[in-house]
>>> print(open('target-v3.csv').read())   # CSV, C-alpha atoms
chain,number,residue,atom,x,y,z
A,1,MET,CA,-48.9,14.5,-38.5
A,2,ARG,CA,-46.2,12.0,-39.3
A,3,THR,CA,-43.9,12.3,-42.3
A,4,ALA,CA,-41.0,10.5,-43.7
A,5,GLY,CA,-37.7,12.3,-43.1
A,6,LEU,CA,-34.2,12.6,-44.6
A,7,THR,CA,-30.9,13.0,-42.8
A,8,MET,CA,-29.2,16.4,-42.9
A,9,ASN,CA,-26.2,14.9,-44.7
A,10,ASN,CA,-28.4,14.2,-47.7
A,11,ALA,CA,-27.5,16.1,-50.9
A,12,TRP,CA,-31.0,17.7,-51.1
A,13,ALA,CA,-30.5,19.4,-47.7
A,14,HIS,CA,-27.5,21.4,-49.0
A,15,ARG,CA,-29.3,22.3,-52.2
A,16,VAL,CA,-32.3,23.6,-50.3
A,17,LEU,CA,-30.1,25.8,-48.1
A,18,ARG,CA,-28.5,27.2,-51.3
A,19,GLU,CA,-31.8,27.9,-53.1
A,20,GLN,CA,-33.2,31.4,-52.8
A,21,GLY,CA,-36.9,32.1,-52.6
A,22,VAL,CA,-37.6,28.8,-51.0
A,23,GLU,CA,-39.6,28.7,-47.8
A,24,THR,CA,-37.7,26.8,-45.1
A,25,TYR,CA,-37.7,26.6,-41.3
A,26,GLY,CA,-34.5,25.9,-39.5
A,27,LEU,CA,-34.8,24.6,-35.9
A,28,GLU,CA,-31.6,23.9,-33.9
A,29,GLY,CA,-31.1,22.2,-30.5
A,30,MET,CA,-34.7,21.0,-30.2
A,31,ALA,CA,-35.4,18.5,-27.4
A,32,ALA,CA,-36.6,15.3,-29.0
A,33,GLU,CA,-37.0,11.6,-28.4
A,34,ILE,CA,-35.6,9.1,-30.9
A,35,CYS,CA,-36.8,5.6,-31.5
A,36,VAL,CA,-33.9,3.1,-32.0
A,37,LEU,CA,-34.2,-0.5,-33.0
A,38,VAL,CA,-31.6,-2.1,-30.8
A,39,GLU,CA,-29.6,-4.7,-32.7
A,40,SER,CA,-27.0,-5.7,-30.1
A,41,LEU,CA,-25.8,-5.1,-26.6
A,42,GLU,CA,-22.3,-5.4,-25.2
A,43,LEU,CA,-21.1,-5.3,-21.6
A,44,MET,CA,-17.9,-3.3,-21.4
A,45,HIS,CA,-15.7,-1.7,-18.8
A,46,ARG,CA,-14.0,1.7,-18.2
A,47,GLY,CA,-10.3,2.1,-17.7
A,48,LYS,CA,-8.2,1.6,-14.7
A,49,GLU,CA,-8.6,5.2,-13.6
A,50,GLU,CA,-12.4,4.6,-13.3
A,51,ASN,CA,-11.9,1.3,-11.5
A,52,TYR,CA,-13.1,-0.7,-14.5
A,53,ARG,CA,-16.6,0.4,-14.0
A,54,PRO,CA,-19.1,-1.6,-16.2
A,55,TYR,CA,-21.4,0.0,-18.8
A,56,LEU,CA,-23.6,-1.2,-21.7
A,57,HIS,CA,-22.8,-0.4,-25.4
A,58,ILE,CA,-26.1,-0.2,-27.3
A,59,MET,CA,-26.0,-0.5,-31.1
A,60,GLY,CA,-29.0,0.0,-33.3
A,61,GLU,CA,-30.7,1.9,-36.2
A,62,LEU,CA,-32.7,5.1,-36.0
A,63,ARG,CA,-36.4,4.6,-36.8
A,64,SER,CA,-38.1,7.9,-35.8
A,65,VAL,CA,-37.6,11.3,-34.3
A,66,THR,CA,-40.3,12.9,-32.1
A,67,PRO,CA,-39.7,16.5,-31.2
A,68,ALA,CA,-40.9,17.8,-27.8
A,69,GLU,CA,-42.9,20.5,-29.7
A,70,ALA,CA,-44.8,20.1,-33.0
A,71,LEU,CA,-42.9,21.3,-36.1
A,72,PRO,CA,-44.4,23.7,-38.6
A,73,PHE,CA,-47.3,22.4,-40.6
A,74,GLY,CA,-48.3,20.2,-37.7
A,75,ILE,CA,-45.5,17.7,-38.0
A,76,SER,CA,-45.3,15.6,-34.8
A,77,GLN,CA,-43.0,12.8,-35.8
A,78,VAL,CA,-40.4,12.1,-38.5
A,79,THR,CA,-40.0,8.4,-39.5
A,80,TYR,CA,-37.4,6.4,-41.4
A,81,SER,CA,-37.8,3.2,-43.4
A,82,PRO,CA,-35.8,0.2,-42.4
A,83,GLY,CA,-32.2,0.6,-43.7
A,84,GLN,CA,-32.7,4.3,-44.2
A,85,GLY,CA,-32.0,5.5,-40.7
A,86,GLU,CA,-28.6,6.4,-39.3
A,87,LYS,CA,-26.7,4.0,-37.1
A,88,VAL,CA,-26.9,4.8,-33.4
A,89,ASP,CA,-24.3,4.1,-30.7
A,90,ALA,CA,-25.5,4.7,-27.1
A,91,PHE,CA,-23.7,4.1,-23.8
A,92,TYR,CA,-25.7,3.2,-20.7
A,93,GLU,CA,-24.1,4.0,-17.4
A,94,PHE,CA,-25.1,2.0,-14.3
A,95,ASP,CA,-25.4,3.9,-11.0
A,96,ASP,CA,-24.1,2.6,-7.7
A,97,GLN,CA,-27.3,1.0,-6.7
A,98,GLN,CA,-27.6,-0.8,-10.0
A,99,LEU,CA,-24.0,-2.1,-9.6
A,100,VAL,CA,-25.0,-3.6,-6.2
A,101,VAL,CA,-27.9,-5.3,-7.9
A,102,LEU,CA,-25.6,-6.7,-10.6
A,103,ALA,CA,-23.1,-8.0,-8.0
A,104,GLY,CA,-26.0,-9.7,-6.2
A,105,LYS,CA,-27.0,-11.4,-9.4
A,106,GLY,CA,-23.6,-13.0,-9.9
A,107,TYR,CA,-21.8,-10.3,-11.9
A,108,PHE,CA,-18.4,-11.8,-10.9
A,109,THR,CA,-19.3,-15.3,-12.1
A,110,ASN,CA,-18.5,-16.8,-15.5
A,111,GLY,CA,-22.1,-17.4,-16.4
A,112,PHE,CA,-23.1,-13.7,-16.1
A,113,ALA,CA,-24.2,-12.4,-19.6
A,114,VAL,CA,-26.2,-9.6,-21.2
A,115,PRO,CA,-30.0,-10.4,-21.4
A,116,GLU,CA,-31.2,-11.2,-24.9
A,117,GLN,CA,-34.8,-10.2,-24.4
A,118,ILE,CA,-34.0,-6.5,-24.6
A,119,THR,CA,-32.5,-6.8,-28.2
A,120,GLY,CA,-34.6,-6.7,-31.4
A,121,ILE,CA,-37.0,-4.2,-29.9
A,122,GLU,CA,-37.3,-0.4,-30.2
A,123,TRP,CA,-36.0,1.8,-27.5
A,124,GLU,CA,-37.0,5.4,-26.9
A,125,LEU,CA,-34.1,7.6,-26.0
A,126,PRO,CA,-33.9,11.3,-25.1
A,127,THR,CA,-31.6,13.6,-27.1
A,128,THR,CA,-31.5,16.9,-29.0
A,129,ALA,CA,-31.6,17.5,-32.8
A,130,ASN,CA,-31.4,20.1,-35.5
A,131,MET,CA,-34.3,20.1,-38.1
A,132,LEU,CA,-34.8,21.8,-41.4
A,133,VAL,CA,-38.4,21.9,-42.7
A,134,LEU,CA,-39.0,22.6,-46.4
A,135,ALA,CA,-42.4,24.1,-46.9
A,136,PRO,CA,-44.6,22.6,-49.6
A,137,SER,CA,-45.1,24.5,-52.9
A,138,GLY,CA,-47.8,27.2,-53.0
A,139,THR,CA,-49.7,25.4,-55.7
A,140,GLN,CA,-52.3,22.9,-54.7
A,141,ILE,CA,-50.7,19.7,-55.9
A,142,GLU,CA,-52.0,16.4,-54.6
A,143,GLY,CA,-49.5,14.7,-52.4
A,144,ASP,CA,-47.4,17.8,-51.9
A,145,ALA,CA,-46.1,17.8,-48.3
A,146,PRO,CA,-43.3,19.4,-46.3
A,147,VAL,CA,-39.9,17.7,-46.3
A,148,VAL,CA,-38.0,17.4,-43.0
A,149,PHE,CA,-34.3,17.0,-42.7
A,150,THR,CA,-33.0,15.9,-39.3
A,151,GLN,CA,-29.6,15.8,-37.5
A,152,VAL,CA,-29.5,14.0,-34.2
A,153,HIS,CA,-26.8,15.3,-31.8
A,154,ASN,CA,-24.2,12.7,-30.6
A,155,ILE,CA,-25.8,9.9,-32.5
A,156,GLY,CA,-22.5,8.0,-32.5
A,157,GLY,CA,-21.9,8.5,-28.8
A,158,LEU,CA,-25.2,9.0,-27.0
A,159,GLU,CA,-24.8,8.8,-23.2
A,160,ILE,CA,-27.8,7.7,-21.2
A,161,ASP,CA,-28.6,6.3,-17.7
A,162,LEU,CA,-31.5,5.3,-15.6
A,163,GLU,CA,-32.5,8.9,-14.9
A,164,SER,CA,-32.4,10.2,-18.5
A,165,SER,CA,-33.8,7.1,-20.3
A,166,GLY,CA,-36.1,5.7,-17.6
A,167,TYR,CA,-34.9,2.2,-18.3
A,168,ASP,CA,-33.6,0.2,-15.4
A,169,LEU,CA,-31.6,-2.3,-17.3
A,170,ALA,CA,-30.1,-4.0,-14.2
A,171,GLY,CA,-33.5,-5.6,-13.6
A,172,TYR,CA,-33.4,-7.4,-16.9
A,173,PHE,CA,-30.2,-9.4,-16.0
A,174,ALA,CA,-30.8,-13.0,-14.9
A,175,ASP,CA,-29.7,-14.2,-11.5
A,176,HIS,CA,-26.5,-16.3,-11.7
A,177,SER,CA,-25.5,-16.0,-8.1
A,178,LYS,CA,-26.5,-19.7,-7.3
A,179,ASP,CA,-25.8,-21.6,-10.5
A,180,GLY,CA,-22.5,-19.9,-11.3
A,181,ALA,CA,-20.9,-19.1,-7.9
A,182,SER,CA,-17.4,-17.7,-8.2
A,183,GLN,CA,-14.4,-19.5,-6.8
A,184,THR,CA,-14.1,-17.1,-4.0
A,185,GLN,CA,-17.7,-17.5,-2.9
A,186,VAL,CA,-17.3,-21.3,-3.0
A,187,VAL,CA,-14.3,-21.1,-0.7
A,188,VAL,CA,-16.2,-18.8,1.7
A,189,ASP,CA,-19.2,-21.2,1.7
A,190,GLU,CA,-17.0,-24.2,2.4
A,191,ARG,CA,-15.5,-22.4,5.4
A,192,GLY,CA,-18.9,-21.5,6.7
A,193,LEU,CA,-18.1,-17.8,7.0
A,194,LYS,CA,-20.9,-15.3,7.6
A,195,ALA,CA,-20.4,-11.7,6.7
A,196,ARG,CA,-21.1,-9.4,9.7
A,197,SER,CA,-20.4,-5.7,10.0
A,198,ASP,CA,-20.0,-5.8,13.8
A,199,ALA,CA,-17.7,-8.9,14.2
A,200,VAL,CA,-14.7,-10.5,12.7
A,201,ASN,CA,-15.1,-14.3,12.0
A,202,SER,CA,-12.1,-16.6,12.4
A,203,LEU,CA,-10.9,-18.5,9.5
A,204,PHE,CA,-10.9,-21.7,11.5
A,205,THR,CA,-13.9,-23.3,13.3
A,206,GLU,CA,-13.8,-24.4,16.9
A,207,GLU,CA,-13.5,-28.0,15.8
A,208,GLU,CA,-10.4,-27.2,13.7
A,209,LEU,CA,-8.9,-25.3,16.6
A,210,GLY,CA,-9.4,-28.4,18.9
A,211,LEU,CA,-7.4,-30.8,16.7
A,212,GLY,CA,-4.2,-30.3,18.6
A,213,ALA,CA,-4.1,-33.8,20.1
A,214,GLU,CA,-5.0,-35.4,16.8
A,215,ALA,CA,-2.3,-33.4,15.1
A,216,GLU,CA,0.3,-34.6,17.6
A,217,GLN,CA,-0.9,-38.2,17.1
A,218,VAL,CA,-0.5,-37.8,13.3
A,219,ILE,CA,3.0,-36.3,13.7
A,220,ALA,CA,4.0,-39.2,16.0
A,221,THR,CA,2.8,-41.8,13.6
A,222,PRO,CA,5.7,-42.8,11.4
A,223,ALA,CA,5.1,-42.4,7.7
A,224,PRO,CA,4.8,-45.4,5.5
A,225,GLU,CA,8.2,-46.8,4.8
A,226,ALA,CA,9.4,-46.3,1.3
A,227,ALA,CA,12.6,-48.3,1.8
A,228,PRO,CA,11.6,-51.3,-0.3
A,229,ALA,CA,11.0,-49.1,-3.3
A,230,ALA,CA,14.3,-47.2,-2.7
A,231,ASP,CA,16.2,-50.5,-2.2
A,232,GLY,CA,14.7,-51.9,-5.4
A,233,MET,CA,15.7,-48.8,-7.3
A,234,SER,CA,19.3,-48.8,-6.0
A,235,THR,CA,19.6,-52.6,-6.8
A,236,ARG,CA,18.5,-51.9,-10.4
A,237,LEU,CA,21.0,-49.1,-10.7
A,238,LYS,CA,23.8,-51.3,-9.6
A,239,GLN,CA,22.8,-53.9,-12.1
A,240,VAL,CA,22.8,-51.4,-14.9
A,241,GLU,CA,26.2,-50.1,-13.8
A,242,ALA,CA,27.6,-53.6,-13.8
A,243,GLU,CA,26.2,-54.3,-17.3
A,244,ILE,CA,27.8,-51.1,-18.6
A,245,ALA,CA,31.1,-52.0,-17.0
A,246,ALA,CA,31.1,-55.5,-18.5
A,247,GLU,CA,30.3,-54.1,-22.0
A,248,ARG,CA,33.1,-51.6,-21.6
A,249,ALA,CA,35.6,-54.3,-20.6
A,250,GLN,CA,34.6,-56.5,-23.5
A,251,TYR,CA,35.0,-53.7,-25.9
A,252,GLN,CA,38.4,-52.8,-24.6
A,253,ALA,CA,39.5,-56.5,-24.8
A,254,GLU,CA,38.4,-56.8,-28.4
A,255,ARG,CA,40.3,-53.6,-29.2
A,256,GLY,CA,43.4,-55.0,-27.5
A,257,ARG,CA,43.3,-58.1,-29.7
A,258,THR,CA,42.9,-56.2,-32.9
A,259,GLU,CA,46.2,-55.4,-34.6
A,260,GLY,CA,46.9,-51.8,-35.4
A,261,THR,CA,44.7,-50.3,-32.7
A,262,MET,CA,46.0,-48.1,-29.9
A,263,GLU,CA,44.9,-50.6,-27.3
A,264,ASN,CA,46.8,-53.4,-29.1
A,265,LEU,CA,50.0,-51.4,-29.3
A,266,TYR,CA,49.7,-50.5,-25.6
A,267,ARG,CA,49.1,-54.1,-24.6
A,268,GLU,CA,52.0,-55.5,-26.6
A,269,HIS,CA,54.7,-52.9,-25.9
A,270,VAL,CA,53.8,-51.0,-22.7
A,271,ALA,CA,51.6,-53.2,-20.6
A,272,ALA,CA,53.8,-56.3,-21.2
A,273,ALA,CA,56.9,-54.4,-20.0
A,274,LEU,CA,55.2,-53.2,-16.9
A,275,ARG,CA,53.9,-56.6,-16.0
A,276,THR,CA,57.4,-58.1,-16.5
A,277,GLU,CA,59.1,-55.4,-14.3
A,278,GLU,CA,56.5,-56.0,-11.6
A,279,GLN,CA,57.2,-59.7,-11.6
A,280,GLY,CA,61.0,-59.1,-11.4
A,281,GLU,CA,61.8,-60.9,-14.8
A,282,PRO,CA,63.9,-59.4,-17.6
A,283,PHE,CA,61.8,-57.9,-20.3
A,284,ALA,CA,61.8,-59.8,-23.6
A,285,PRO,CA,61.5,-57.2,-26.4
A,286,PRO,CA,59.4,-58.1,-29.4
A,287,TYR,CA,62.6,-57.9,-31.5
A,288,PRO,CA,65.7,-60.2,-31.0
A,289,ALA,CA,68.5,-58.7,-28.9
A,290,LEU,CA,71.9,-58.0,-30.5
A,291,ASP,CA,74.3,-60.9,-30.2
A,292,VAL,CA,77.8,-59.3,-30.7
A,293,GLN,CA,79.7,-62.6,-30.5
A,294,HIS,CA,77.5,-64.3,-33.0
A,295,ASP,CA,77.8,-61.4,-35.4
A,296,LEU,CA,81.6,-61.5,-34.9
A,297,ASP,CA,81.7,-65.2,-35.8
A,298,LEU,CA,79.6,-64.5,-38.9
A,299,ASP,CA,82.0,-61.8,-39.9
A,300,LEU,CA,85.0,-64.2,-39.5
A,301,GLU,CA,83.3,-66.8,-41.7
A,302,GLU,CA,82.7,-64.1,-44.3
A,303,GLN,CA,86.3,-63.0,-44.2
A,304,GLU,CA,87.7,-66.5,-44.9
A,305,PRO,CA,86.7,-66.4,-48.5
A,306,GLN,CA,88.3,-62.9,-48.7
A,307,GLN,CA,91.6,-64.3,-47.4
A,308,GLN,CA,91.5,-67.2,-49.8
A,309,THR,CA,91.1,-64.7,-52.7
A,310,GLY,CA,94.2,-62.9,-51.6
A,311,MET,CA,92.4,-59.8,-50.2
A,312,PRO,CA,93.9,-58.5,-46.9
A,313,ALA,CA,91.8,-59.3,-43.7
A,314,PRO,CA,90.5,-56.4,-41.7
A,315,SER,CA,92.2,-55.6,-38.5
A,316,LEU,CA,90.6,-56.1,-35.0
A,317,ASP,CA,89.9,-52.4,-34.7
A,318,GLU,CA,88.2,-52.3,-38.0
A,319,ARG,CA,86.0,-55.2,-37.0
A,320,LYS,CA,85.0,-53.6,-33.8
A,321,HIS,CA,84.1,-50.5,-35.6
A,322,GLN,CA,81.9,-52.4,-38.1
A,323,LEU,CA,80.2,-54.2,-35.3
A,324,ALA,CA,79.5,-50.9,-33.4
A,325,ARG,CA,78.1,-49.4,-36.6
A,326,ARG,CA,75.8,-52.4,-37.2
A,327,ALA,CA,74.6,-52.3,-33.6
A,328,ALA,CA,73.8,-48.6,-34.0
A,329,ASP,CA,71.9,-49.3,-37.2
A,330,LEU,CA,69.9,-52.0,-35.4
A,331,ASP,CA,69.1,-49.6,-32.5
A,332,VAL,CA,67.9,-46.9,-34.9
A,333,GLY,CA,65.6,-49.4,-36.7
A,334,ASP,CA,64.2,-50.6,-33.4
A,335,ASN,CA,63.4,-47.1,-32.2
A,336,SER,CA,61.7,-46.1,-35.4
A,337,GLU,CA,59.5,-49.2,-35.3
A,338,GLN,CA,58.5,-48.5,-31.7
A,339,SER,CA,57.7,-44.9,-32.5
A,340,LEU,CA,55.5,-45.9,-35.3
A,341,GLY,CA,53.8,-48.5,-33.2
A,342,SER,CA,53.1,-45.9,-30.4
>>> encode(input="target-v3.csv", output="structure tokens")
Amino acid sequence: MRTAGLTMNNAWAHRVLREQGVETYGLEGMAAEICVLVESLELMHRGKEENYRPYLHIMGELRSVTPAEALPFGISQVTYSPGQGEKVDAFYEFDDQQLVVLAGKGYFTNGFAVPEQITGIEWELPTTANMLVLAPSGTQIEGDAPVVFTQVHNIGGLEIDLESSGYDLAGYFADHSKDGASQTQVVVDERGLKARSDAVNSLFTEEELGLGAEAEQVIATPAPEAAPAADGMSTRLKQVEAEIAAERAQYQAERGRTEGTMENLYREHVAAALRTEEQGEPFAPPYPALDVQHDLDLDLEEQEPQQQTGMPAPSLDERKHQLARRAADLDVGDNSEQSLGS
């Protein structure tokens, strides 16, 4: 007999266990087979310590539980409505022979993928479960039937393989060995290597090993000259350098003609003196030189009105002293102007 079931975490299961005088049957660790609607598959790998061994992660929903032996009241199967069953996570381990099959089908290629035809169908997986059967009431009531509560062991981490489940999932994978060859396989095919257990194949063919003369000929042949390109590049660089130098000279000349700039001061006061000394000519300062005799004559002319007015004329020593003082004043003014210009 088939009957609808409830999960053991249902609130009614705890209430039944607390009630006294209720006929119940508790069965623990019973061998059973669960029916799971597989919703998705994912190819995953173990850690480094297990050499990244591949396995399948199966995710689905519990649809029924079939015990190995009939339950009380002739119950042979407990079913669950869609959306009422627990979520199931199972992990399918490939054995060594299955891994060889997967490698032959192009496991190491980019196009290798999980087959879609094994999803959306119900899988029957072996497991164990605890069951609680609530007997029907003693009165003859129409529709009165036993109630079964189930608890599947390891429903969130069920481990299965070919031997326990009977499913050889390696056979469902498509063959991608030809349409998605890996890069390593392509290189091997291009070299024409053939795997043999009793011989070691050379990486080079006999034709490649016999190319010594051709290689020497290739080495002796001079490479195409790239001199024209190099000469053209150097010529262009020289043109650019000449243009830059001309622009720099033009800029400095303009600065030299502009009054108040450092270049103009250097041109008028320093460079002119250097050029004059190199040519062996006396340097003509930008300011008039001191003419002592001319100043002396001017002083004498200035003193004549003083003598006519009756004022005593200065002595020769006083005149020399005045001239020396005026010369010192002119030197001081010249030095200050030159320091400001520099």
>>> residues_around(input="target-v3.csv", residues="range 166-173 of chain A", least_positions_apart="2", cutoff="6 Å", atoms="only C-alpha atoms", output="PyMOL selection string")
chain A and resi 98+115+162-164
>>> residues_around(input="target-v3.csv", residues="Val100 in chain A", least_positions_apart="6", cutoff="12 Å", atoms="all atoms listed in the file", output="list in words")
Pro54, Phe94, Gly106, Tyr107, Phe108, Ala170 and Gly171 of chain A
>>> closest_residue(input="target-v3.csv", among="A:Ile121, A:Ile155, A:Leu43, A:Ala272", to="Glu86 in chain A", atoms="only C-alpha atoms")
A:Ile155
>>> closest_residue(input="target-v3.csv", among="A:Met233, A:Ala242, A:Met131, A:Val152", to="Thr24 in chain A", atoms="all atoms listed in the file")
A:Met131
>>> atom_distance(input="target-v3.csv", atom1="CA of Val147 in chain A", atom2="CA of Thr127 in chain A")
21.3 Å
>>> atom_distance(input="target-v3.csv", atom1="CA of Leu62 in chain A", atom2="CA of Asp144 in chain A")
25.1 Å
>>> atom_distance(input="target-v3.csv", atom1="CA of Val114 in chain A", atom2="CA of Ala174 in chain A")
8.5 Å
>>> residues_around(input="target-v3.csv", residues="Glu116 in chain A", least_positions_apart="3", cutoff="9 Å", atoms="only C-alpha atoms", output="PyMOL selection string")
chain A and resi 40-41+113+119-120
>>> closest_residue(input="target-v3.csv", among="A:Phe149, A:Ala32, A:Pro136, A:His176", to="Arg15 in chain A", atoms="all atoms listed in the file")
A:Phe149
>>> closest_residue(input="target-v3.csv", among="A:Ala11, A:Ala246, A:Ala253, A:Leu102", to="Tyr266 in chain A", atoms="only C-alpha atoms")
A:Ala253
>>> closest_residue(input="target-v3.csv", among="A:Leu6, A:Ser234, A:Phe112, A:Gly29", to="Ser81 in chain A", atoms="all atoms listed in the file")
A:Leu6
